[in-house]
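Asker: Just input_24.pdb, nothing more (PDB, C-alpha atoms):
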ATOM      1  CA  MET A1423       5.711   9.578  24.501
ATOM      2  CA  LYS A1424       5.246  12.751  22.429
ATOM      3  CA  LYS A1425       8.510  12.012  20.659
ATOM      4  CA  SER A1426       7.296   8.577  19.508
ATOM      5  CA  ILE A1427       3.988  10.025  18.250
ATOM      6  CA  ILE A1428       5.832  12.697  16.271
ATOM      7  CA  LYS A1429       8.188  10.051  14.882
ATOM      8  CA  ARG A1430       5.235   7.852  13.825
ATOM      9  CA  ILE A1431       3.503  10.782  12.104
ATOM     10  CA  ALA A1432       6.735  11.671  10.294
ATOM     11  CA  ILE A1433       7.211   8.078   9.101
ATOM     12  CA  LEU A1434       3.597   7.873   7.905
ATOM     13  CA  ALA A1435       3.966  11.206   6.083
ATOM     14  CA  ILE A1436       7.091   9.897   4.357
ATOM     15  CA  LEU A1437       5.263   6.705   3.338
ATOM     16  CA  THR A1438       2.372   8.812   1.992
ATOM     17  CA  THR A1439       4.809  10.866  -0.068
ATOM     18  CA  ILE A1440       6.600   7.775  -1.384
ATOM     19  CA  SER A1441       3.262   6.249  -2.402
ATOM     20  CA  VAL A1442       2.267   9.413  -4.318
ATOM     21  CA  ILE A1443       5.651   9.518  -6.036
ATOM     22  CA  LEU A1444       5.454   5.843  -7.030
ATOM     23  CA  LYS A1445       1.939   6.334  -8.401
ATOM     24  CA  THR A1446       3.010   9.481 -10.278
ATOM     25  CA  PHE A1447       5.968   7.757 -11.921
ATOM     26  CA  SER A1448       4.053   4.612 -12.856
ATOM     27  CA  PHE A1449       3.891   3.129 -16.337
ATOM     28  CA  GLY A1450       0.709   2.883 -18.335
ATOM     29  CA  ASN A1451      -2.233   4.755 -19.723
ATOM     30  CA  GLY A1452      -5.744   5.604 -18.536
ATOM     31  CA  LEU A1453      -6.866   1.982 -18.761
ATOM     32  CA  HIS A1454      -3.845   0.270 -17.261
ATOM     33  CA  ARG A1455      -1.032   1.237 -14.905
ATOM     34  CA  ILE A1456       1.958  -0.596 -13.450
ATOM     35  CA  SER A1457       2.960   0.883 -10.114
ATOM     36  CA  LEU A1458       4.437  -0.146  -6.781
ATOM     37  CA  PHE A1459       2.461   2.487  -4.833
ATOM     38  CA  ASP A1460       0.945  -0.268  -2.685
ATOM     39  CA  THR A1461       4.268  -1.164  -1.036
ATOM     40  CA  PRO A1462       4.426   1.914   1.272
ATOM     41  CA  LEU A1463       0.727   1.441   2.078
ATOM     42  CA  ILE A1464       1.350  -2.101   3.320
ATOM     43  CA  LEU A1465       4.347  -0.883   5.316
ATOM     44  CA  ALA A1466       2.226   1.842   6.924
ATOM     45  CA  GLY A1467      -0.204  -0.819   8.118
ATOM     46  CA  ILE A1468       2.645  -2.945   9.476
ATOM     47  CA  ILE A1469       4.193   0.010  11.327
ATOM     48  CA  ALA A1470       1.089   1.733  12.696
ATOM     49  CA  GLY A1471      -1.845  -0.663  12.307
ATOM     50  CA  PRO A1472      -4.713  -1.030   9.848
ATOM     51  CA  LEU A1473      -6.460   2.259  10.643
ATOM     52  CA  TRP A1474      -3.314   4.330  10.084
ATOM     53  CA  GLY A1475      -2.509   2.249   7.017
ATOM     54  CA  MET A1476      -5.883   3.265   5.604
ATOM     55  CA  VAL A1477      -5.263   6.926   6.532
ATOM     56  CA  VAL A1478      -1.992   6.811   4.590
ATOM     57  CA  ALA A1479      -3.765   5.073   1.679
ATOM     58  CA  PHE A1480      -6.570   7.630   1.559
ATOM     59  CA  SER A1481      -4.131  10.535   1.840
ATOM     60  CA  SER A1482      -1.856   9.264  -0.909
ATOM     61  CA  ASP A1483      -4.784   8.437  -3.197
ATOM     62  CA  PHE A1484      -6.379  11.844  -2.667
ATOM     63  CA  LEU A1485      -3.085  13.764  -3.065
ATOM     64  CA  TYR A1486      -2.341  11.848  -6.255
ATOM     65  CA  SER A1487      -5.714  12.794  -7.734
ATOM     66  CA  LEU A1488      -5.069  16.453  -6.904
ATOM     67  CA  LEU A1489      -1.591  16.428  -8.429
ATOM     68  CA  SER A1490      -2.307  14.276 -11.476
ATOM     69  CA  GLY A1491      -5.503  15.838 -12.726
ATOM     70  CA  TYR A1492      -7.284  12.478 -12.799
ATOM     71  CA  SER A1493     -10.774  12.500 -11.363
ATOM     72  CA  TYR A1494     -11.087  10.977  -7.900
ATOM     73  CA  SER A1495     -12.703   7.553  -7.805
ATOM     74  CA  PHE A1496     -14.423   6.484  -4.616
ATOM     75  CA  ILE A1497     -14.566   2.923  -5.935
ATOM     76  CA  MET A1498     -10.822   2.768  -6.604
ATOM     77  CA  MET A1499     -10.263   4.398  -3.222
ATOM     78  CA  PHE A1500     -11.434   1.137  -1.643
ATOM     79  CA  SER A1501      -8.602  -0.758  -3.301
ATOM     80  CA  ALA A1502      -6.076   1.723  -1.880
ATOM     81  CA  LEU A1503      -7.717   1.461   1.563
ATOM     82  CA  LEU A1504      -7.470  -2.305   1.355
ATOM     83  CA  TRP A1505      -3.720  -2.130   0.682
ATOM     84  CA  GLY A1506      -3.303   0.089   3.745
ATOM     85  CA  ALA A1507      -5.428  -2.171   5.925
ATOM     86  CA  VAL A1508      -3.824  -5.512   5.032
ATOM     87  CA  GLY A1509      -0.476  -4.441   6.436
ATOM     88  CA  GLY A1510      -2.282  -4.222   9.766
ATOM     89  CA  ILE A1511      -2.466  -8.028   9.807
ATOM     90  CA  PHE A1512       1.209  -7.885  10.762
ATOM     91  CA  TYR A1513       0.914  -4.958  13.182
ATOM     92  CA  LYS A1514       2.867  -5.864  16.340
ATOM     93  CA  ARG A1515       3.530  -9.309  14.861
ATOM     94  CA  LYS A1516       6.459 -10.855  13.054
ATOM     95  CA  VAL A1517       5.995 -10.846   9.273
ATOM     96  CA  ASN A1518       5.937 -14.403   7.953
ATOM     97  CA  LEU A1519       6.988 -14.525   4.278
ATOM     98  CA  LEU A1520       4.492 -17.242   3.295
ATOM     99  CA  VAL A1521       1.569 -15.440   4.957
ATOM    100  CA  LEU A1522       2.670 -12.152   3.377
ATOM    101  CA  PHE A1523       2.867 -13.867  -0.015
ATOM    102  CA  LEU A1524      -0.716 -15.134   0.326
ATOM    103  CA  VAL A1525      -2.048 -11.829   1.704
ATOM    104  CA  VAL A1526      -0.535  -9.871  -1.192
ATOM    105  CA  LEU A1527      -1.973 -12.368  -3.709
ATOM    106  CA  LEU A1528      -5.469 -12.212  -2.214
ATOM    107  CA  THR A1529      -5.358  -8.415  -1.965
ATOM    108  CA  SER A1530      -4.094  -8.171  -5.558
ATOM    109  CA  VAL A1531      -7.019 -10.254  -6.813
ATOM    110  CA  VAL A1532      -9.585  -8.222  -4.848
ATOM    111  CA  THR A1533      -8.140  -4.826  -5.805
ATOM    112  CA  THR A1534      -7.895  -5.837  -9.468
ATOM    113  CA  GLY A1535     -11.571  -6.724  -9.297
ATOM    114  CA  ILE A1536     -12.490  -3.430  -7.600
ATOM    115  CA  ASN A1537     -10.517  -1.364 -10.100
ATOM    116  CA  SER A1538     -11.975  -3.343 -13.004
ATOM    117  CA  ILE A1539     -15.479  -2.426 -11.839
ATOM    118  CA  GLN A1540     -14.565   1.261 -11.933
ATOM    119  CA  LEU A1541     -12.949   0.905 -15.359
ATOM    120  CA  MET A1542     -16.097  -0.832 -16.606
ATOM    121  CA  LEU A1543     -18.210   2.093 -15.371
ATOM    122  CA  TRP A1544     -15.897   4.603 -17.072
ATOM    123  CA  ASN A1545     -15.154   2.776 -20.337
ATOM    124  CA  GLY A1546     -17.721   0.018 -20.817
ATOM    125  CA  VAL A1547     -17.632  -3.735 -20.439
ATOM    126  CA  ASP A1548     -15.732  -4.397 -23.687
ATOM    127  CA  LYS A1549     -12.716  -2.262 -22.786
ATOM    128  CA  MET A1550     -12.700  -3.614 -19.228
ATOM    129  CA  ILE A1551     -12.625  -7.216 -20.469
ATOM    130  CA  VAL A1552      -9.889  -6.439 -22.988
ATOM    131  CA  GLY A1553      -7.991  -4.672 -20.201
ATOM    132  CA  LEU A1554      -8.113  -7.798 -18.038
ATOM    133  CA  GLY A1555      -5.872  -9.464 -20.619
ATOM    134  CA  VAL A1556      -3.150  -7.060 -19.507
ATOM    135  CA  ARG A1557      -4.194  -6.479 -15.892
ATOM    136  CA  ILE A1558      -4.167 -10.124 -14.786
ATOM    137  CA  PRO A1559      -0.668 -10.976 -16.111
ATOM    138  CA  THR A1560       0.613  -7.689 -14.655
ATOM    139  CA  MET A1561      -0.911  -8.595 -11.294
ATOM    140  CA  LEU A1562       0.753 -12.017 -11.380
ATOM    141  CA  ILE A1563       4.145 -10.497 -12.249
ATOM    142  CA  LYS A1564       3.823  -7.725  -9.658
ATOM    143  CA  TRP A1565       2.679 -10.056  -6.857
ATOM    144  CA  PRO A1566       6.110 -11.567  -5.981
ATOM    145  CA  ILE A1567       7.829  -8.198  -6.553
ATOM    146  CA  THR A1568       5.548  -6.419  -4.076
ATOM    147  CA  THR A1569       5.860  -9.281  -1.596
ATOM    148  CA  GLY A1570       9.648  -9.262  -1.853
ATOM    149  CA  LEU A1571       9.913  -5.481  -1.515
ATOM    150  CA  VAL A1572       7.659  -5.398   1.545
ATOM    151  CA  TYR A1573       9.531  -8.279   3.166
ATOM    152  CA  VAL A1574      13.003  -6.833   2.524
ATOM    153  CA  LEU A1575      11.970  -3.354   3.664
ATOM    154  CA  TYR A1576      10.346  -4.891   6.740
ATOM    155  CA  LYS A1577      13.532  -6.757   7.643
ATOM    156  CA  ARG A1578      15.940  -3.911   6.813
ATOM    157  CA  VAL A1579      13.972  -0.788   7.808
ATOM    158  CA  VAL A1580      10.808  -1.460   9.795
ATOM    159  CA  LEU A1581      12.457  -3.770  12.327
ATOM    160  CA  VAL A1582      15.135  -1.119  12.902
ATOM    161  CA  ILE A1583      12.457   1.536  13.486
ATOM    162  CA  LEU A1584      10.488  -0.724  15.818
ATOM    163  CA  LYS A1585      13.662  -1.760  17.662
ATOM    164  CA  GLU A1586      14.536   1.904  18.234
ATOM    165  CA  ASN A1587      11.081   2.466  19.755
ATOM    166  CA  VAL A1588      11.587  -0.452  22.158
ATOM    167  CA  VAL A1589      15.076   0.753  23.126
ATOM    168  CA  THR A1590      13.802   4.318  23.667
ATOM    169  CA  LYS A1591      10.985   3.096  25.915
ATOM    170  CA  GLN A1592      13.402   0.926  27.934
ATOM    171  CA  GLU A1593      15.870   3.810  28.322
ATOM    172  CA  HIS A1594      13.157   6.092  29.682
ATOM    173  CA  GLY A1595      11.718   3.421  31.948
ATOM    174  CA  SER A1596       8.318   3.375  30.193
TER     175      SER A1596
END
Turn this file's structure into structure tokens for me.

Answerer:
Amino acid sequence: MKKSIIKRIAILAILTTISVILKTFSFGNGLHRISLFDTPLILAGIIAGPLWGMVVAFSSDFLYSLLSGYSYSFIMMFSALLWGAVGGIFYKRKVNLLVLFLVVLLTSVVTTGINSIQLMLWNGVDKMIVGLGVRIPTMLIKWPITTGLVYVLYKRVVLVILKENVVTKQEHGS
């Protein structure tokens, strides 16, 4: 049992690190960013449940703010937490591509709205509205990419990890 807990913590730490790296090497400026940092957050929720997905999201968001020099935004933190939590919909369940597609779309719309509120507070309504002209098309382009990445990684990596946990439990008679 201790071995599986240590393995889960290690996997979640790796996903946190990957999320920080993806956010660090994103494209954009202070008003707009293109990043796939949400993919490891969704996977964390799928692997360990919504609470742990949110822990990974908070950790990666906080570490990124420390490393990047950007000020920490509690409003934008909610969008990261949401990405971590939505993976929990599939915790201990088979990931259905259509459901995943819809969940990622809905989460993208909500997080774009949350982040737009913060940008409006920082930069004013005018810049936020102008920014939506770039943010919405980016969201629509990123939506199938994120969905595809999560689904492929789920099929190729997560199922292997989960299968190993089942085999280990059966071998030890748990």

Asker: Under the rule that all atoms listed in the file are counted, which of A:Lys1577, A:Lys1424, A:Arg1455, A:Arg1430 is the nearest residue to Lys1516 in chain A?

Answerer: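 Among the listed residues, the smallest separation from Lys1516 in chain A belongs to A:Lys1577.
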
Asker: Output the residue selection produced by the PyMOL selection byres ((chain A and resi 1433) around 12) on the file above, formatted as JSON, numbers by chain.

Answerer: {"A": [1426, 1427, 1428, 1429, 1430, 1431, 1432, 1434, 1435, 1436, 1437, 1438, 1439, 1440, 1462, 1463, 1465, 1466, 1467, 1468, 1469, 1470, 1474, 1475, 1478, 1579, 1580, 1583, 1584]}

Asker: Include C-alpha atoms and write out the residues we just selected as a PDB file, keeping the file's coordinate frame.

Answerer:
ATOM      1  CA  SER A1426       7.296   8.577  19.508  1.00  0.00           C
ATOM      2  CA  ILE A1427       3.988  10.025  18.250  1.00  0.00           C
ATOM      3  CA  ILE A1428       5.832  12.697  16.271  1.00  0.00           C
ATOM      4  CA  LYS A1429       8.188  10.051  14.882  1.00  0.00           C
ATOM      5  CA  ARG A1430       5.235   7.852  13.825  1.00  0.00           C
ATOM      6  CA  ILE A1431       3.503  10.782  12.104  1.00  0.00           C
ATOM      7  CA  ALA A1432       6.735  11.671  10.294  1.00  0.00           C
ATOM      8  CA  LEU A1434       3.597   7.873   7.905  1.00  0.00           C
ATOM      9  CA  ALA A1435       3.966  11.206   6.083  1.00  0.00           C
ATOM     10  CA  ILE A1436       7.091   9.897   4.357  1.00  0.00           C
ATOM     11  CA  LEU A1437       5.263   6.705   3.338  1.00  0.00           C
ATOM     12  CA  THR A1438       2.372   8.812   1.992  1.00  0.00           C
ATOM     13  CA  THR A1439       4.809  10.866  -0.068  1.00  0.00           C
ATOM     14  CA  ILE A1440       6.600   7.775  -1.384  1.00  0.00           C
ATOM     15  CA  PRO A1462       4.426   1.914   1.272  1.00  0.00           C
ATOM     16  CA  LEU A1463       0.727   1.441   2.078  1.00  0.00           C
ATOM     17  CA  LEU A1465       4.347  -0.883   5.316  1.00  0.00           C
ATOM     18  CA  ALA A1466       2.226   1.842   6.924  1.00  0.00           C
ATOM     19  CA  GLY A1467      -0.204  -0.819   8.118  1.00  0.00           C
ATOM     20  CA  ILE A1468       2.645  -2.945   9.476  1.00  0.00           C
ATOM     21  CA  ILE A1469       4.193   0.010  11.327  1.00  0.00           C
ATOM     22  CA  ALA A1470       1.089   1.733  12.696  1.00  0.00           C
ATOM     23  CA  TRP A1474      -3.314   4.330  10.084  1.00  0.00           C
ATOM     24  CA  GLY A1475      -2.509   2.249   7.017  1.00  0.00           C
ATOM     25  CA  VAL A1478      -1.992   6.811   4.590  1.00  0.00           C
ATOM     26  CA  VAL A1579      13.972  -0.788   7.808  1.00  0.00           C
ATOM     27  CA  VAL A1580      10.808  -1.460   9.795  1.00  0.00           C
ATOM     28  CA  ILE A1583      12.457   1.536  13.486  1.00  0.00           C
ATOM     29  CA  LEU A1584      10.488  -0.724  15.818  1.00  0.00           C
TER      30      LEU A1584
END

Asker: Give me, as number ranges by chain, all polymer residues having an atom no more than 9 Å from Ile1456 in chain A, counting all atoms listed in the file and skipping those fewer than 3 positions away in the same chain.

Answerer: A: 1445, 1448-1450, 1557, 1560-1561, 1564

Asker: With only C-alpha atoms as the counted atoms, please give the residues lying no more than 6 Å from Ser1501 in chain A, apart from itself and same-chain residues fewer than 3 positions off, as a list in words.

Answerer: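 Selected residues are Met1498, Leu1504 and Thr1533 of chain A.
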
Asker: List as a list in words the protein and nucleic acid residues near Leu1527 in chain A, meaning an atom at most 12 Å away when all atoms listed in the file are counted, but skip any in the same chain fewer than 5 places from it.

Answerer: Trp1505, Val1508, Leu1520, Val1521, Leu1522, Val1532, Thr1533, Thr1534, Ile1558, Met1561, Leu1562, Ile1563, Lys1564, Trp1565, Pro1566, Ile1567, Thr1568 and Thr1569 of chain A

Asker: Of the candidates A:Thr1461, A:Ser1481, A:Asn1545, A:Thr1446, which one gets nearest to Gly1509 in chain A if we count only C-alpha atoms?

Answerer: A:Thr1461

Asker: Please produce range 1526-1537 of chain A, completed to N, CA and C atoms, as a CSV table (one decimal), keeping the file's coordinate frame.

Answerer:
chain,number,residue,atom,x,y,z
A,1526,VAL,N,-0.7,-10.7,0.0
A,1526,VAL,CA,-0.5,-9.9,-1.2
A,1526,VAL,C,-1.3,-10.4,-2.4
A,1527,LEU,N,-1.2,-11.8,-2.6
A,1527,LEU,CA,-2.0,-12.4,-3.7
A,1527,LEU,C,-3.5,-12.1,-3.6
A,1528,LEU,N,-4.0,-12.4,-2.4
A,1528,LEU,CA,-5.5,-12.2,-2.2
A,1528,LEU,C,-5.9,-10.7,-2.4
A,1529,THR,N,-5.1,-9.8,-1.8
A,1529,THR,CA,-5.4,-8.4,-2.0
A,1529,THR,C,-5.2,-8.0,-3.4
A,1530,SER,N,-4.3,-8.5,-4.1
A,1530,SER,CA,-4.1,-8.2,-5.6
A,1530,SER,C,-5.3,-8.6,-6.4
A,1531,VAL,N,-5.8,-9.8,-6.1
A,1531,VAL,CA,-7.0,-10.3,-6.8
A,1531,VAL,C,-8.2,-9.4,-6.5
A,1532,VAL,N,-8.4,-9.0,-5.2
A,1532,VAL,CA,-9.6,-8.2,-4.8
A,1532,VAL,C,-9.5,-6.8,-5.4
A,1533,THR,N,-8.3,-6.2,-5.3
A,1533,THR,CA,-8.1,-4.8,-5.8
A,1533,THR,C,-8.2,-4.8,-7.3
A,1534,THR,N,-7.7,-5.8,-8.0
A,1534,THR,CA,-7.9,-5.8,-9.5
A,1534,THR,C,-9.4,-5.9,-9.8
A,1535,GLY,N,-10.1,-6.7,-9.1
A,1535,GLY,CA,-11.6,-6.7,-9.3
A,1535,GLY,C,-12.3,-5.4,-9.0
A,1536,ILE,N,-11.9,-4.7,-7.9
A,1536,ILE,CA,-12.5,-3.4,-7.6
A,1536,ILE,C,-12.2,-2.4,-8.7
A,1537,ASN,N,-10.9,-2.3,-9.1
A,1537,ASN,CA,-10.5,-1.4,-10.1
A,1537,ASN,C,-11.1,-1.7,-11.5
